[in-house]
Each structure stands twice: as structure tokens, then as C-alpha cells.
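Asker: Below is the file structure-v7.pdb, with PDB, C-alpha atoms.
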```
ATOM      1  CA  MET A   1      15.069  -7.927  26.311  1.00  0.00           C
ATOM      2  CA  PHE A   2      12.747  -7.560  23.319  1.00  0.00           C
ATOM      3  CA  CYS A   3      13.286  -4.221  21.582  1.00  0.00           C
ATOM      4  CA  PRO A   4      11.052  -3.558  18.548  1.00  0.00           C
ATOM      5  CA  THR A   5      12.947  -0.387  17.591  1.00  0.00           C
ATOM      6  CA  ALA A   6      16.242  -2.299  17.408  1.00  0.00           C
ATOM      7  CA  ARG A   7      14.805  -4.895  15.050  1.00  0.00           C
ATOM      8  CA  LEU A   8      13.433  -2.102  12.848  1.00  0.00           C
ATOM      9  CA  GLY A   9      16.998  -1.497  11.664  1.00  0.00           C
ATOM     10  CA  GLY A  10      16.886  -4.827   9.845  1.00  0.00           C
ATOM     11  CA  TYR A  11      13.930  -3.677   7.739  1.00  0.00           C
ATOM     12  CA  ARG A  12      14.919  -0.065   7.135  1.00  0.00           C
ATOM     13  CA  GLY A  13      14.864   0.824   3.469  1.00  0.00           C
ATOM     14  CA  GLY A  14      13.676   3.958   1.711  1.00  0.00           C
ATOM     15  CA  ALA A  15      10.113   4.260   3.018  1.00  0.00           C
ATOM     16  CA  GLY A  16       9.074   7.106   5.303  1.00  0.00           C
ATOM     17  CA  LEU A  17       6.607   5.107   7.386  1.00  0.00           C
ATOM     18  CA  TYR A  18       6.994   1.620   8.823  1.00  0.00           C
ATOM     19  CA  LEU A  19       4.170  -0.328  10.431  1.00  0.00           C
ATOM     20  CA  LEU A  20       5.279  -3.159  12.716  1.00  0.00           C
ATOM     21  CA  VAL A  21       2.771  -5.826  13.721  1.00  0.00           C
ATOM     22  CA  ASP A  22       3.557  -8.280  16.525  1.00  0.00           C
ATOM     23  CA  LEU A  23       1.599 -11.517  16.697  1.00  0.00           C
ATOM     24  CA  PRO A  24       1.397 -14.011  19.573  1.00  0.00           C
ATOM     25  CA  ASP A  25       3.702 -17.010  19.060  1.00  0.00           C
ATOM     26  CA  LEU A  26       5.886 -14.890  16.733  1.00  0.00           C
ATOM     27  CA  ALA A  27       6.760 -12.160  19.269  1.00  0.00           C
ATOM     28  CA  PRO A  28       6.632 -11.928  23.072  1.00  0.00           C
ATOM     29  CA  VAL A  29       3.088 -10.514  23.183  1.00  0.00           C
ATOM     30  CA  ASP A  30      -0.192 -11.919  24.508  1.00  0.00           C
ATOM     31  CA  GLN A  31      -2.300 -10.247  21.821  1.00  0.00           C
ATOM     32  CA  PRO A  32      -1.565  -8.653  18.437  1.00  0.00           C
ATOM     33  CA  THR A  33      -0.046  -5.167  18.710  1.00  0.00           C
ATOM     34  CA  THR A  34       1.011  -2.517  16.194  1.00  0.00           C
ATOM     35  CA  GLU A  35       3.567   0.308  16.111  1.00  0.00           C
ATOM     36  CA  LEU A  36       4.052   3.006  13.488  1.00  0.00           C
ATOM     37  CA  HIS A  37       7.488   4.569  12.960  1.00  0.00           C
ATOM     38  CA  ASP A  38       7.652   7.859  11.042  1.00  0.00           C
ATOM     39  CA  PHE A  39      11.043   8.596   9.439  1.00  0.00           C
ATOM     40  CA  ARG A  40       9.812  11.345   7.099  1.00  0.00           C
ATOM     41  CA  GLY A  41      11.676  14.045   9.075  1.00  0.00           C
ATOM     42  CA  GLY A  42      14.906  12.018   9.073  1.00  0.00           C
ATOM     43  CA  ALA A  43      14.634  10.664  12.632  1.00  0.00           C
ATOM     44  CA  ASP A  44      12.468   7.907  14.081  1.00  0.00           C
ATOM     45  CA  HIS A  45       9.274   9.293  15.597  1.00  0.00           C
ATOM     46  CA  PRO A  46       7.157   6.399  16.943  1.00  0.00           C
ATOM     47  CA  VAL A  47       3.450   7.214  16.857  1.00  0.00           C
ATOM     48  CA  ALA A  48       0.309   5.288  17.682  1.00  0.00           C
ATOM     49  CA  PRO A  49      -1.269   3.956  14.487  1.00  0.00           C
ATOM     50  CA  THR A  50      -4.803   5.041  13.657  1.00  0.00           C
ATOM     51  CA  GLY A  51      -7.339   3.983  11.065  1.00  0.00           C
ATOM     52  CA  GLU A  52      -7.655   0.678   9.299  1.00  0.00           C
ATOM     53  CA  LEU A  53      -5.458  -1.392   7.030  1.00  0.00           C
ATOM     54  CA  THR A  54      -7.081  -3.677   4.473  1.00  0.00           C
ATOM     55  CA  LEU A  55      -5.046  -6.489   2.960  1.00  0.00           C
ATOM     56  CA  THR A  56      -6.250  -8.772   0.202  1.00  0.00           C
ATOM     57  CA  ILE A  57      -5.033 -12.323   0.648  1.00  0.00           C
ATOM     58  CA  ASP A  58      -6.012 -14.853  -1.999  1.00  0.00           C
ATOM     59  CA  GLU A  59      -8.909 -12.597  -3.045  1.00  0.00           C
ATOM     60  CA  VAL A  60     -10.183 -12.296   0.554  1.00  0.00           C
ATOM     61  CA  ALA A  61     -10.103  -8.806   2.103  1.00  0.00           C
ATOM     62  CA  VAL A  62      -8.857  -8.699   5.693  1.00  0.00           C
ATOM     63  CA  THR A  63      -9.325  -5.382   7.548  1.00  0.00           C
ATOM     64  CA  ILE A  64      -7.240  -4.614  10.643  1.00  0.00           C
ATOM     65  CA  ASP A  65      -8.237  -1.845  13.073  1.00  0.00           C
ATOM     66  CA  LEU A  66      -4.792  -0.384  13.825  1.00  0.00           C
ATOM     67  CA  ALA A  67      -5.894   1.842  16.711  1.00  0.00           C
ATOM     68  CA  ALA A  68      -7.418  -1.129  18.542  1.00  0.00           C
ATOM     69  CA  LEU A  69      -4.075  -2.952  18.349  1.00  0.00           C
ATOM     70  CA  ALA A  70      -1.796  -0.024  19.277  1.00  0.00           C
ATOM     71  CA  ARG A  71       0.896  -1.046  21.748  1.00  0.00           C
ATOM     72  CA  PRO A  72      -0.252   0.084  25.249  1.00  0.00           C
ATOM     73  CA  GLY A  73       1.296   3.364  26.337  1.00  0.00           C
ATOM     74  CA  TRP A  74       1.923   4.724  22.821  1.00  0.00           C
ATOM     75  CA  GLN A  75       0.492   8.115  21.956  1.00  0.00           C
TER      76      GLN A  75
END
```
Represent the structure from my file as C-alpha cells, please.
Answerer:
Amino acid sequence: MFCPTARLGGYRGGAGLYLLVDLPDLAPVDQPTTELHDFRGGADHPVAPTGELTLTIDEVAVTIDLAALARPGWQ
């Protein structure tokens, strides 16, 4: 069974917040989804992402609406 929290262990470094993005064909999802994991208190507290994330790729800005892609059922 696919478990996004388990795979998070492979990425865990020193950051307090981790944003995971699942894309069709790369993960078992039908549409892109996001999860935000907050480790700032020492333990993993998954929360629904809000706001937007803008990435610049080869001088082209790409803005992602994180709330629109939040994994269903997350609060």
C-alpha cells in the first residue's frame, strides 16, 4: 500500500516543513495532490497546505495553488 508518510523518512533532513507533491504517472494518484508535514514541534503534524507556491523554471514562473491540490480528507 502507498504510504506518503513512510516515504517522507527518505527525505527528512533539517527543515521544519516538508511539502510533498504527488503527480499522476509518478505516484498512484489520478490528479496532482499536495501534503504539508510540519516537524517544527519535533513530531510530524500533517496539515493541509494553503496559499500558493511559485517556482521559476528556466526563467518561466509557474504558480501552484496548494489548497486546490490538497489531498482529500486533510484538514
Asker: Please indicate the distance in Å from atom CA of Arg40 of chain A to atom CA of Thr63 of chain A, rounded to one decimal place.
Answerer: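 Taking atom CA of Arg40 of chain A as the start and atom CA of Thr63 of chain A as the end point, the length is 25.4 Å.
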Asker: Listed atoms of segment 40-51 of chain A, axis-aligned box, 3 Å per side: centre and edge lengths to one decimal in Å, as JSON?
Answerer:
```
{"center_x": 3.8, "center_y": 9.0, "center_z": 12.4, "size_x": 28.2, "size_y": 16.1, "size_z": 16.6}
```
Asker: Tell me which residues the PyMOL selection byres ((chain A and resi 69) around 9) grabs here, as a PDB file with C-alpha atoms, keeping the file's coordinate frame.
Answerer:
```pdb
ATOM      1  CA  VAL A  21       2.771  -5.826  13.721  1.00  0.00           C
ATOM      2  CA  GLN A  31      -2.300 -10.247  21.821  1.00  0.00           C
ATOM      3  CA  PRO A  32      -1.565  -8.653  18.437  1.00  0.00           C
ATOM      4  CA  THR A  33      -0.046  -5.167  18.710  1.00  0.00           C
ATOM      5  CA  THR A  34       1.011  -2.517  16.194  1.00  0.00           C
ATOM      6  CA  GLU A  35       3.567   0.308  16.111  1.00  0.00           C
ATOM      7  CA  PRO A  49      -1.269   3.956  14.487  1.00  0.00           C
ATOM      8  CA  ILE A  64      -7.240  -4.614  10.643  1.00  0.00           C
ATOM      9  CA  ASP A  65      -8.237  -1.845  13.073  1.00  0.00           C
ATOM     10  CA  LEU A  66      -4.792  -0.384  13.825  1.00  0.00           C
ATOM     11  CA  ALA A  67      -5.894   1.842  16.711  1.00  0.00           C
ATOM     12  CA  ALA A  68      -7.418  -1.129  18.542  1.00  0.00           C
ATOM     13  CA  ALA A  70      -1.796  -0.024  19.277  1.00  0.00           C
ATOM     14  CA  ARG A  71       0.896  -1.046  21.748  1.00  0.00           C
ATOM     15  CA  PRO A  72      -0.252   0.084  25.249  1.00  0.00           C
TER      16      PRO A  72
END
```
Asker: One decimal, in Å: what's the spacing between atom CA of Leu36 of chain A and atom CA of Tyr18 of chain A?
Answerer: 5.7 Å
Asker: By how many Å are atom CA of Glu59 of chain A and atom CA of Asp38 of chain A apart?
Answerer: 29.9 Å
Asker: Measuring atom to atom with only C-alpha atoms, identify which of A:Val62, A:Leu23, A:Ile57, A:Ala15 is nearest to Asp44 of chain A.
Answerer: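 The closest residue to Asp44 of chain A is A:Ala15.
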Asker: Restricting the calculation to all atoms listed in the file: of A:Gly14, A:Pro28, A:Leu19, A:Phe39, which residue gets closest to Leu53 of chain A?
Answerer: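 Result for the nearest residue to Leu53 of chain A: A:Leu19.
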